Every structure is written in structure tokens, then in C-alpha cells.
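Asks: Input entry28.cif, format and content: mmCIF, C-alpha atoms.
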```
data_final
loop_
_atom_site.label_atom_id
_atom_site.label_comp_id
_atom_site.auth_asym_id
_atom_site.auth_seq_id
_atom_site.Cartn_x
_atom_site.Cartn_y
_atom_site.Cartn_z
CA MET A 16 -3.93 -0.94 0.49
CA HIS A 17 -2.26 -0.86 3.89
CA GLU A 18 -5.79 -0.96 5.33
CA LEU A 19 -5.59 -4.76 5.70
CA SER A 20 -2.78 -4.69 8.27
CA ILE A 21 -4.43 -1.75 9.98
CA THR A 22 -7.76 -3.56 10.18
CA GLN A 23 -6.04 -6.59 11.69
CA SER A 24 -4.50 -4.36 14.40
CA LEU A 25 -7.90 -2.83 15.04
CA LEU A 26 -9.47 -6.26 15.52
CA ASP A 27 -6.64 -7.40 17.84
CA ILE A 28 -7.01 -4.31 20.06
CA ALA A 29 -10.82 -4.55 20.21
CA LEU A 30 -10.83 -8.27 21.02
CA ARG A 31 -8.19 -7.84 23.74
CA HIS A 32 -10.14 -5.08 25.50
CA ALA A 33 -13.44 -6.96 25.10
CA ASP A 34 -11.85 -10.06 26.62
CA GLU A 35 -10.46 -8.09 29.57
CA ALA A 36 -13.96 -6.69 30.23
CA GLY A 37 -15.59 -10.12 29.91
CA ALA A 38 -17.69 -8.98 26.95
CA THR A 39 -19.70 -11.50 24.94
CA ARG A 40 -20.18 -9.32 21.86
CA ILE A 41 -18.71 -6.18 20.32
CA ASN A 42 -21.43 -4.02 18.77
CA GLU A 43 -19.53 -0.94 17.67
CA LEU A 44 -16.01 0.48 17.39
CA LYS A 45 -15.40 4.22 17.46
CA ILE A 46 -12.27 5.07 15.50
CA VAL A 47 -10.66 8.49 15.37
CA VAL A 48 -8.86 9.29 12.10
CA GLY A 49 -6.90 12.47 11.45
CA GLU A 50 -6.85 13.86 7.92
CA LEU A 51 -3.12 13.20 7.62
CA SER A 52 -3.51 9.49 8.38
CA SER A 53 -4.48 8.51 4.81
CA ILE A 54 -6.98 5.83 5.84
CA ILE A 55 -9.94 4.97 3.61
CA ASP A 56 -13.03 4.13 5.69
CA ASP A 57 -14.70 1.91 3.09
CA SER A 58 -11.55 -0.10 2.68
CA VAL A 59 -11.26 -0.74 6.43
CA GLN A 60 -14.93 -1.76 6.52
CA PHE A 61 -14.38 -4.15 3.60
CA TYR A 62 -11.49 -5.94 5.32
CA TRP A 63 -13.31 -5.82 8.66
CA ASP A 64 -16.21 -7.84 7.28
CA MET A 65 -13.74 -10.52 6.15
CA ILE A 66 -11.44 -10.80 9.16
CA SER A 67 -13.96 -10.32 11.98
CA HIS A 68 -15.85 -13.40 10.78
CA ASP A 69 -16.28 -16.00 13.56
CA THR A 70 -15.18 -13.60 16.31
CA ILE A 71 -17.37 -11.81 18.89
CA ALA A 72 -16.83 -8.68 16.78
CA GLU A 73 -18.47 -10.12 13.67
CA GLY A 74 -20.93 -7.64 12.20
CA ALA A 75 -19.82 -4.81 14.49
CA LEU A 76 -20.43 -1.28 13.25
CA LEU A 77 -17.32 0.78 12.51
CA THR A 78 -17.81 4.47 13.18
CA PHE A 79 -15.14 6.87 11.95
CA LYS A 80 -14.68 10.25 13.56
CA ARG A 81 -12.73 12.39 11.10
CA ILE A 82 -10.45 15.08 12.48
CA PRO A 83 -9.46 17.70 9.90
CA ALA A 84 -5.82 18.78 9.77
CA ALA A 85 -5.64 22.15 11.49
CA LEU A 86 -2.96 24.82 11.31
CA ARG A 87 -2.11 27.75 13.52
CA CYS A 88 -0.42 30.99 12.54
CA ASP A 89 2.62 31.87 14.66
CA ASP A 90 2.24 35.55 13.81
CA CYS A 91 -1.46 36.28 14.45
CA GLY A 92 -2.64 33.12 16.25
CA HIS A 93 -5.39 32.42 13.69
CA GLU A 94 -6.42 28.75 13.47
CA PHE A 95 -7.64 27.31 10.17
CA PRO A 96 -8.05 24.03 8.23
CA LEU A 97 -5.36 22.69 5.91
CA ASN A 98 -5.57 23.92 2.33
CA ARG A 99 -3.41 21.65 0.21
CA GLU A 100 -2.58 24.30 -2.35
CA GLN A 101 -1.43 27.21 -0.27
CA PHE A 102 0.35 27.04 3.05
CA THR A 103 -0.20 30.61 4.26
CA CYS A 104 -2.39 32.16 6.93
CA PRO A 105 -5.75 33.21 5.40
CA ALA A 106 -6.08 35.99 8.00
CA CYS A 107 -2.72 37.77 7.80
CA GLY A 108 -0.92 36.08 4.90
CA SER A 109 2.01 34.95 7.03
CA GLY A 110 3.95 31.83 6.05
CA LYS A 111 4.86 31.06 9.64
CA ILE A 112 2.17 28.48 10.22
CA ARG A 113 2.34 25.02 11.74
CA VAL A 114 0.21 21.87 11.87
CA THR A 115 -1.59 21.40 15.21
CA SER A 116 -3.77 18.35 14.54
CA GLY A 117 -4.54 15.73 11.91
CA ASP A 118 -2.13 12.91 12.87
CA GLU A 119 -4.69 11.08 15.03
CA PHE A 120 -5.33 7.41 14.45
CA TYR A 121 -6.69 5.51 17.41
CA LEU A 122 -9.50 3.34 18.70
CA GLU A 123 -11.47 5.58 21.03
CA SER A 124 -13.97 3.11 22.50
CA ILE A 125 -15.97 -0.05 21.89
CA ASP A 126 -19.61 -0.73 22.65
CA VAL A 127 -20.14 -4.26 24.00
CA ASN A 128 -22.58 -6.70 25.54
CA LEU A 129 -21.51 -8.10 28.89
CA GLU A 130 -24.26 -10.68 29.56
CA PRO A 131 -24.20 -14.14 27.95
CA GLU A 132 -25.97 -14.23 24.57
CA SER A 133 -28.50 -16.86 25.78
CA GLU A 134 -29.84 -14.66 28.59
CA ARG A 135 -30.76 -11.77 26.33
CA MET B 19 -25.01 -1.35 26.30
CA PRO B 20 -21.74 -0.51 28.04
CA GLU B 21 -19.12 1.48 26.21
CA ILE B 22 -15.52 0.68 27.07
CA PRO B 23 -13.13 3.61 26.61
CA ILE B 24 -9.87 2.50 24.98
CA VAL B 25 -7.90 5.31 23.30
CA GLU B 26 -5.18 3.04 21.94
CA ASN B 27 -3.08 3.83 18.90
CA ILE B 28 -4.15 1.40 16.18
CA LEU B 29 -0.55 0.96 15.05
CA ASP B 30 0.63 0.31 18.61
CA ALA B 31 1.67 -3.29 17.83
CA ASN B 32 3.83 -2.06 14.95
CA ASP B 33 5.33 0.70 17.11
CA GLN B 34 6.18 -1.75 19.89
CA LEU B 35 7.94 -4.06 17.46
CA ALA B 36 9.76 -1.05 15.98
CA ALA B 37 11.04 -0.26 19.48
CA ARG B 38 12.44 -3.80 19.74
CA ILE B 39 14.14 -3.41 16.36
CA ARG B 40 15.71 -0.16 17.59
CA ILE B 41 17.22 -2.00 20.54
CA GLU B 42 18.82 -4.51 18.14
CA PHE B 43 20.26 -1.68 16.03
CA ASP B 44 21.59 0.14 19.08
CA SER B 45 23.18 -2.92 20.62
CA ALA B 46 24.89 -3.67 17.28
CA GLY B 47 26.17 -0.06 17.23
CA LEU B 48 24.96 0.72 13.73
CA LEU B 49 23.09 3.59 12.12
CA ALA B 50 19.81 2.55 10.46
CA LEU B 51 17.98 4.57 7.80
CA ASN B 52 14.53 4.08 6.28
CA LEU B 53 14.68 5.41 2.72
CA MET B 54 11.31 6.44 1.28
CA ALA B 55 10.38 7.99 -2.08
CA SER B 56 8.03 7.71 -5.05
CA PRO B 57 8.84 5.04 -7.64
CA GLY B 58 11.64 6.52 -9.73
CA GLY B 59 12.53 9.19 -7.15
CA GLY B 60 16.06 7.84 -6.87
CA LYS B 61 16.19 5.49 -3.87
CA THR B 62 18.41 2.93 -5.57
CA SER B 63 20.59 5.61 -7.20
CA VAL B 64 21.16 7.29 -3.84
CA ILE B 65 21.99 3.92 -2.25
CA LEU B 66 24.43 2.94 -5.01
CA LYS B 67 26.16 6.31 -5.01
CA THR B 68 26.37 6.33 -1.21
CA ILE B 69 27.87 2.82 -1.19
CA GLU B 70 30.36 3.82 -3.88
CA ALA B 71 31.55 6.77 -1.79
CA LEU B 72 31.65 5.09 1.62
CA LYS B 73 32.32 1.40 1.07
CA ASP B 74 36.05 1.56 1.80
CA ASP B 75 35.52 3.14 5.24
CA VAL B 76 32.03 2.04 6.27
CA ARG B 77 30.54 -1.45 6.55
CA ILE B 78 27.16 -1.15 4.82
CA GLY B 79 24.18 -3.50 4.61
CA VAL B 80 20.92 -3.08 2.73
CA ILE B 81 17.39 -4.40 3.26
CA ASP B 82 15.39 -3.97 0.08
CA GLY B 83 11.59 -4.05 0.04
CA ASP B 84 10.63 -4.79 -3.53
CA VAL B 85 8.68 -7.08 -5.80
CA VAL B 86 11.63 -8.21 -7.92
CA PRO B 87 15.33 -8.51 -6.99
CA LEU B 88 16.57 -6.13 -9.73
CA ASP B 89 17.79 -3.37 -7.39
CA LEU B 90 19.17 -5.92 -4.99
CA GLU B 91 21.36 -7.49 -7.67
CA LYS B 92 22.91 -4.09 -8.47
CA ILE B 93 23.71 -3.59 -4.79
CA ALA B 94 25.02 -7.14 -4.30
CA GLU B 95 27.39 -6.66 -7.26
CA MET B 96 29.14 -3.99 -5.18
CA GLY B 97 29.95 -6.60 -2.52
CA ILE B 98 27.34 -5.35 -0.07
CA PRO B 99 25.30 -7.79 2.06
CA VAL B 100 21.65 -7.45 1.05
CA SER B 101 18.38 -8.94 2.20
CA LEU B 102 15.25 -8.87 0.05
CA ILE B 103 11.84 -8.48 1.62
CA ASN B 104 9.57 -9.61 -1.18
CA THR B 105 6.59 -7.36 -0.62
CA GLY B 106 4.50 -9.20 -3.19
CA GLY B 107 2.84 -6.00 -4.31
CA ASN B 108 2.32 -4.67 -0.79
CA CYS B 109 2.46 -0.90 -0.58
CA HIS B 110 4.86 -0.46 2.36
CA LEU B 111 7.25 -2.18 4.74
CA ASP B 112 6.14 -2.65 8.33
CA ALA B 113 8.09 -3.45 11.48
CA ASN B 114 7.19 -7.12 11.31
CA MET B 115 8.68 -7.54 7.81
CA VAL B 116 11.89 -5.80 8.87
CA TYR B 117 12.13 -7.79 12.11
CA SER B 118 11.81 -11.02 10.12
CA ALA B 119 14.59 -9.93 7.76
CA LEU B 120 17.11 -9.07 10.50
CA PRO B 121 18.47 -12.62 11.07
CA SER B 122 19.64 -12.75 7.44
CA LEU B 123 22.19 -9.98 8.11
CA ASP B 124 25.07 -9.93 10.61
CA LEU B 125 24.19 -6.64 12.28
CA ASN B 126 27.35 -6.64 14.41
CA ALA B 127 29.41 -6.54 11.22
CA LEU B 128 27.69 -3.34 9.98
CA ASP B 129 28.14 0.38 10.62
CA LEU B 130 25.27 1.46 8.38
CA LEU B 131 22.03 -0.32 7.48
CA ILE B 132 19.91 1.19 4.73
CA ILE B 133 16.33 -0.03 4.42
CA GLU B 134 14.91 0.72 1.00
CA ASN B 135 11.15 1.04 1.42
CA VAL B 136 8.50 0.44 -1.25
CA GLY B 137 8.19 3.30 -3.76
CA ASN B 138 5.16 5.19 -2.41
CA LEU B 139 4.62 8.56 -0.71
CA ILE B 140 1.53 7.53 1.28
CA CYS B 141 1.55 4.16 3.01
CA PRO B 142 5.17 3.91 4.28
CA ALA B 143 4.65 7.11 6.29
CA ALA B 144 2.35 5.28 8.71
CA PHE B 145 4.68 2.45 9.73
CA SER B 146 7.68 2.96 12.02
CA LEU B 147 10.53 0.56 11.27
CA GLY B 148 12.70 1.25 14.32
CA VAL B 149 15.34 3.16 12.37
CA HIS B 150 17.24 6.20 13.65
CA TYR B 151 16.30 8.40 10.70
CA ASP B 152 13.41 8.38 8.24
CA VAL B 153 14.94 9.74 5.05
CA VAL B 154 12.60 10.98 2.31
CA ILE B 155 13.81 11.53 -1.24
CA ALA B 156 11.73 13.85 -3.42
CA SER B 157 12.81 14.58 -6.97
CA VAL B 158 12.44 17.58 -9.26
CA PRO B 159 10.41 15.88 -12.07
CA GLU B 160 7.71 14.90 -9.54
CA GLY B 161 6.85 18.57 -9.13
CA ASP B 162 7.21 21.16 -6.39
CA ASP B 163 3.75 20.51 -4.91
CA LYS B 164 4.56 17.14 -3.30
CA PRO B 165 4.68 18.39 0.33
CA TYR B 166 1.22 19.92 -0.19
CA LYS B 167 -0.21 16.70 -1.64
CA TYR B 168 1.47 14.20 0.66
CA PRO B 169 1.81 16.08 3.96
CA ALA B 170 2.14 13.00 6.21
CA MET B 171 5.27 11.79 4.43
CA PHE B 172 7.05 15.14 4.75
CA LYS B 173 5.79 15.75 8.28
CA GLY B 174 7.30 12.48 9.51
CA ALA B 175 10.70 12.83 7.78
CA ASP B 176 13.96 13.36 9.70
CA VAL B 177 16.02 14.12 6.61
CA LEU B 178 14.93 15.25 3.14
CA LEU B 179 16.90 14.85 -0.07
CA LEU B 180 15.70 16.68 -3.19
CA ASN B 181 17.15 14.69 -6.08
CA LYS B 182 17.63 15.45 -9.80
CA MET B 183 18.48 19.10 -9.13
CA ASP B 184 20.19 19.14 -12.54
CA LEU B 185 16.66 19.23 -14.04
CA GLU B 186 15.50 22.22 -11.99
CA ASP B 187 15.59 24.72 -14.87
CA TYR B 188 13.93 22.37 -17.37
CA MET B 189 11.03 21.49 -15.06
CA GLY B 190 10.21 24.98 -13.76
CA PHE B 191 10.58 23.60 -10.25
CA ARG B 192 10.05 26.30 -7.60
CA VAL B 193 12.44 25.34 -4.80
CA ASP B 194 11.10 28.13 -2.53
CA TYR B 195 7.49 26.91 -2.91
CA PHE B 196 8.60 23.32 -2.24
CA ARG B 197 10.65 24.29 0.80
CA HIS B 198 7.89 26.46 2.23
CA GLY B 199 5.51 23.48 2.18
CA VAL B 200 8.12 21.38 3.93
CA GLU B 201 8.90 24.06 6.50
CA VAL B 202 5.24 24.39 7.54
CA LEU B 203 4.91 20.64 8.02
CA ASN B 204 8.32 20.02 9.52
CA PRO B 205 10.15 23.16 10.72
CA GLY B 206 13.94 23.00 10.49
CA LEU B 207 14.02 19.67 8.62
CA THR B 208 17.54 18.69 7.52
CA PHE B 209 17.55 19.26 3.76
CA PHE B 210 20.00 18.35 0.99
CA PRO B 211 19.43 19.31 -2.66
CA ILE B 212 21.37 16.73 -4.70
CA SER B 213 21.85 15.29 -8.15
CA CYS B 214 22.82 11.63 -8.35
CA ARG B 215 23.68 12.16 -12.01
CA THR B 216 26.08 15.11 -11.69
CA GLY B 217 27.04 14.49 -8.05
CA ASP B 218 26.18 18.08 -7.10
CA GLY B 219 25.29 18.43 -3.43
CA PHE B 220 26.11 14.80 -2.68
CA ASP B 221 29.12 15.63 -0.50
CA ALA B 222 26.92 17.48 2.00
CA TRP B 223 24.70 14.38 2.35
CA LEU B 224 27.77 12.16 2.76
CA ASP B 225 29.24 14.48 5.41
CA TRP B 226 25.98 14.38 7.34
CA LEU B 227 25.91 10.60 7.02
CA ARG B 228 29.51 10.16 8.21
CA THR B 229 28.79 12.26 11.29
CA ALA B 230 25.62 10.29 12.05
CA ILE B 231 27.40 6.93 11.59
CA LYS B 232 30.08 8.04 14.02
CA ALA B 233 27.47 9.18 16.57
CA TYR B 234 25.75 5.79 16.56
CA SER B 235 28.84 3.59 16.28
CA ASN B 236 29.19 3.12 20.03
CA GLY B 237 25.48 2.48 20.55
CA GLN B 238 25.17 5.36 23.00
CA GLU B 239 22.88 7.61 21.01
CA THR B 240 19.14 7.10 21.16
CA THR B 241 16.16 8.51 19.29
CA PRO B 242 16.95 11.74 17.42
#
```
Any chance you could put this one into C-alpha cells?
Replies:
Amino acid sequence: MHELSITQSLLDIALRHADEAGATRINELKIVVGELSSIIDDSVQFYWDMISHDTIAEGALLTFKRIPAALRCDDCGHEFPLNREQFTCPACGSGKIRVTSGDEFYLESIDVNLEPESER
Amino acid sequence: MPEIPIVENILDANDQLAARIRIEFDSAGLLALNLMASPGGGKTSVILKTIEALKDDVRIGVIDGDVVPLDLEKIAEMGIPVSLINTGGNCHLDANMVYSALPSLDLNALDLLIIENVGNLICPAAFSLGVHYDVVIASVPEGDDKPYKYPAMFKGADVLLLNKMDLEDYMGFRVDYFRHGVEVLNPGLTFFPISCRTGDGFDAWLDWLRTAIKAYSNGQETTP
């Protein structure tokens, strides 16, 4: 349930960048979420609909780009997705593997309108 | 319609506040720990036992994130200054909650500040609190698969305690399997197998803690 504070941060960042660009409306937010970030998309969307009310981001579409957690074998160089039951290299069986991605959690971009609403 | 590239960490506001908290800790010359575990993993037991061992030589304070002041009363009975962050059912502490709690403690009168996080292996992993070390406590009855199920918590830890080692044989806990999961996520992580009940292994944790307290006592050390 930490999605509420996360959604608030998301709104703050989007509104700040939209304001700096002189945007009149935010249509879409592209969010990048690594597998290890433990964020539930539906939950963020639920809070978003509540807290974006009466802002220029009201009704904006939230798009989540999921990045799977990836591992790399130190012995053979094989790269593979995280399997939560067995931490060994599926190619050579080595246990010398390390996580190379999956921590991501950032706002990649926003899609906005720049002209006043009345002129559209 | 124009797309504005941003690429900004969504928890940036929390991280910035955590950096301000760190400055307060460093200027007070204290060591700050963020203690995280499942409910029942042994956070309060580790805190009480640590206080018992160090209280004559080390000035300790505790910030407790909890829904009821039960743990806090046990700590206060030992003559330790405590501050309760009533999380009201929230699943984690964030930098803002800790920052708000700081004025209730005299940081300059402390050598060690322990922040007891909410019992949870998921949410607290995402929020930096500005401490010097994130300490995770796992415990034998929870099972040896915890690093595999909750990778973010173990990946972000600076120190790992494995508590209730006295139950190892009864639970069929595979220490090697557990440690392999940890090693993949967090190579070389400082690790102490302990038992709060028997006291086994606790001296190694206390020795580590004494050294760390000394290193931060003059405020010269920075991020580990």
C-alpha cells in the first residue's frame, strides 16, 4: 500500500515538468518499473484517479513499461531472467551470477498539450 | 502532441530528504541504523538485547515505527530515549516521517540511533531514511527462501542478521541455500547468524556495531 505516496510523488514530478514547459494538459505519463520495485500498476492507477482530480493531469493515461530483473553469469557470460526459485546459471549451472537490471523506477516522459484549451 | 522527456526517479523527493537527514546525523556525530524485518523476525528483541549490552558505554536512542506503543514501552523502561512514529497501519517508514520525528530526540546526546521500521519485507526496501546502514533481520522460522521471494529487501541491505539460529535443526533451514540467494543479490554482504534467545553469535554483531559507532562518532565518515 505504499503506492499512495509513490503516486503523489509521480503527480508532483509530472506537474512540475508540465509547468516548466508551459503545458496546459498532461495526456499521458510513461513510467518505467523494474521487476524488483514491487509496484502494483492497478493500485497506482487507482490512487492516480483520486489525487489527480482538479489538476491539469486529471484523466491522464498511465503507461507502465515493465523491465524484468535480469541476471548475468560471471563464469560464462550468459544473460537470463530472474527465476525466484533457483539462483544458478541455466546455461552452465554456475552460482556466480549477479543482478544487472530490475531496480528501475522512474518517470520516463509525459505527453502534453501546449496550446490553451480554448484554442483547440 | 509534444512528449517531454523527464527520466526522473519517482522517489527523488524522498531521497533528497533522506540526504538532508544524513547531514543531521553526521553533524551530530552519531551512527544511524534502519532496522527492517518481517513481523516477528526479532527487531525489538535485537534492539533490547543490543541496548542491554551497550547501554553503559554507548548513548542510544530509538525511533519506533509502529501502530501501538508496546515495543516502545519496553525500550523506554530501559531508560532509553524513544520516539514513536505512529504509522497508523502504513506499511513502511519514509524520509518525511523520520525527518518529522527528529526534533523529539536530542541527536547531539546520542552515539547510536536505531530506527525500527514497520514489520514488512517489501515496502520499506523502497524508501531511503538517510541512515548509514540498512540492517535486515531474517529469521529461521520464516524459511530459507526469503532472499528468493523478496529480492529487493536483500539487495538493498548493508548488514544482514539471521536470527533464531537455535531453531535451525528443528526447521530444516538450509543456511547454504539462504546465503547463496543473498550472495547473488548482494555479493559480500556483512552477515551475522545470531540467536537472541541463547545469545549465540551476538558478540560478533556487537563488535561490528562498536567499530561502526566509533567510525561515525567524529562525523567524518560518509556513506558506506
Asks: Take the PyMOL selection byres ((chain B) within 9 of (chain A)), apply it to the structure above, and return the hits as a ChimeraX atom specification.
Replies: /B:19-32,108-110,140-144,163,165-170,198-199,201-205
Asks: Next, write the just-selected residues to a file, as a PDB file, in the coordinates of the input, keeping C-alpha atoms as the atom set.
Replies:
```pdb
ATOM      1  CA  MET B  19     -25.010  -1.350  26.300  1.00  0.00           C
ATOM      2  CA  PRO B  20     -21.740  -0.510  28.040  1.00  0.00           C
ATOM      3  CA  GLU B  21     -19.120   1.480  26.210  1.00  0.00           C
ATOM      4  CA  ILE B  22     -15.520   0.680  27.070  1.00  0.00           C
ATOM      5  CA  PRO B  23     -13.130   3.610  26.610  1.00  0.00           C
ATOM      6  CA  ILE B  24      -9.870   2.500  24.980  1.00  0.00           C
ATOM      7  CA  VAL B  25      -7.900   5.310  23.300  1.00  0.00           C
ATOM      8  CA  GLU B  26      -5.180   3.040  21.940  1.00  0.00           C
ATOM      9  CA  ASN B  27      -3.080   3.830  18.900  1.00  0.00           C
ATOM     10  CA  ILE B  28      -4.150   1.400  16.180  1.00  0.00           C
ATOM     11  CA  LEU B  29      -0.550   0.960  15.050  1.00  0.00           C
ATOM     12  CA  ASP B  30       0.630   0.310  18.610  1.00  0.00           C
ATOM     13  CA  ALA B  31       1.670  -3.290  17.830  1.00  0.00           C
ATOM     14  CA  ASN B  32       3.830  -2.060  14.950  1.00  0.00           C
ATOM     15  CA  ASN B 108       2.320  -4.670  -0.790  1.00  0.00           C
ATOM     16  CA  CYS B 109       2.460  -0.900  -0.580  1.00  0.00           C
ATOM     17  CA  HIS B 110       4.860  -0.460   2.360  1.00  0.00           C
ATOM     18  CA  ILE B 140       1.530   7.530   1.280  1.00  0.00           C
ATOM     19  CA  CYS B 141       1.550   4.160   3.010  1.00  0.00           C
ATOM     20  CA  PRO B 142       5.170   3.910   4.280  1.00  0.00           C
ATOM     21  CA  ALA B 143       4.650   7.110   6.290  1.00  0.00           C
ATOM     22  CA  ALA B 144       2.350   5.280   8.710  1.00  0.00           C
ATOM     23  CA  ASP B 163       3.750  20.510  -4.910  1.00  0.00           C
ATOM     24  CA  PRO B 165       4.680  18.390   0.330  1.00  0.00           C
ATOM     25  CA  TYR B 166       1.220  19.920  -0.190  1.00  0.00           C
ATOM     26  CA  LYS B 167      -0.210  16.700  -1.640  1.00  0.00           C
ATOM     27  CA  TYR B 168       1.470  14.200   0.660  1.00  0.00           C
ATOM     28  CA  PRO B 169       1.810  16.080   3.960  1.00  0.00           C
ATOM     29  CA  ALA B 170       2.140  13.000   6.210  1.00  0.00           C
ATOM     30  CA  HIS B 198       7.890  26.460   2.230  1.00  0.00           C
ATOM     31  CA  GLY B 199       5.510  23.480   2.180  1.00  0.00           C
ATOM     32  CA  GLU B 201       8.900  24.060   6.500  1.00  0.00           C
ATOM     33  CA  VAL B 202       5.240  24.390   7.540  1.00  0.00           C
ATOM     34  CA  LEU B 203       4.910  20.640   8.020  1.00  0.00           C
ATOM     35  CA  ASN B 204       8.320  20.020   9.520  1.00  0.00           C
ATOM     36  CA  PRO B 205      10.150  23.160  10.720  1.00  0.00           C
TER      37      PRO B 205
END
```
Asks: For B:Lys164, which residue among B:Ala233, B:Val149, B:Met54, B:Leu139 is the nearest when counting all atoms listed in the file?
Replies: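 Closest candidate: B:Leu139.
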Asks: Can you list what the PyMOL selection byres ((chain B and resi 112) around 7) grabs from this structure, as a PDB file with C-alpha atoms, keeping the file's coordinate frame?
Replies:
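For reference, out38.pdb as written:
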```pdb
ATOM      1  CA  HIS B 110       4.860  -0.460   2.360  1.00  0.00           C
ATOM      2  CA  LEU B 111       7.250  -2.180   4.740  1.00  0.00           C
ATOM      3  CA  ALA B 113       8.090  -3.450  11.480  1.00  0.00           C
ATOM      4  CA  ASN B 114       7.190  -7.120  11.310  1.00  0.00           C
ATOM      5  CA  MET B 115       8.680  -7.540   7.810  1.00  0.00           C
ATOM      6  CA  VAL B 116      11.890  -5.800   8.870  1.00  0.00           C
ATOM      7  CA  PHE B 145       4.680   2.450   9.730  1.00  0.00           C
ATOM      8  CA  SER B 146       7.680   2.960  12.020  1.00  0.00           C
ATOM      9  CA  LEU B 147      10.530   0.560  11.270  1.00  0.00           C
TER      10      LEU B 147
END
```
Asks: Applying 12 Å and only C-alpha atoms, which residues near B:Asp89 remain after dropping the ones on its own chain fewer than 2 positions away? List them as a PyMOL selection string.
Replies: chain B and resi 58+60-66+80-87+91-96+100-103+134-136
Asks: For the point (-7.8, 36.9, 7.8) in file coordinates, what residues are within 10 Å, counting only C-alpha atoms? Give the answer as a VMD selection string?
Replies: chain A and resid 91 93 95 104 to 108
Asks: Compare B:Met171, B:Ala156, B:Ala71, B:Leu49 by their minimum atom-to-atom distance to B:Gly217, counting all atoms listed in the file, and give me the closest one.
Replies: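 Looking only at the distances to B:Gly217, the closest residue turns out to be B:Ala71.
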Asks: Please, which residues are within 10 Å of (27.5, 1.8, -0.2) by the file's coordinates, counting all atoms listed in the file, and could they come as a list in words?
Replies: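 Taken together, the residues in range are Val64, Ile65, Leu66, Lys67, Thr68, Ile69, Glu70, Ala71, Leu72, Lys73, Asp74, Asp75, Val76, Arg77, Ile78, Gly79, Val80, Ile93, Met96, Gly97, Ile98, Leu130, Leu131 and Ile132 of chain B.
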Asks: Just checking: using all atoms listed in the file, which residue out of B:Pro211, B:Ser157, B:Asp129, B:Ile41 ends up closest to B:Arg228?
Replies: B:Asp129
Asks: Calculate how many Å separate atom CA of B:Thr208 from atom CA of B:Asp184, rounding to one decimal.
Replies: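 Computing it gives 20.2 Å between the two atoms.
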Asks: At a cut-off of 7 Å, using only C-alpha atoms, what residues contact B:Lys182? Leave out same-chain residues fewer than 5 positions from it and give the result as a list in words.
Replies: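 Result of the neighbour search: Ser157, Val158, Ile212, Ser213 and Cys214 of chain B.
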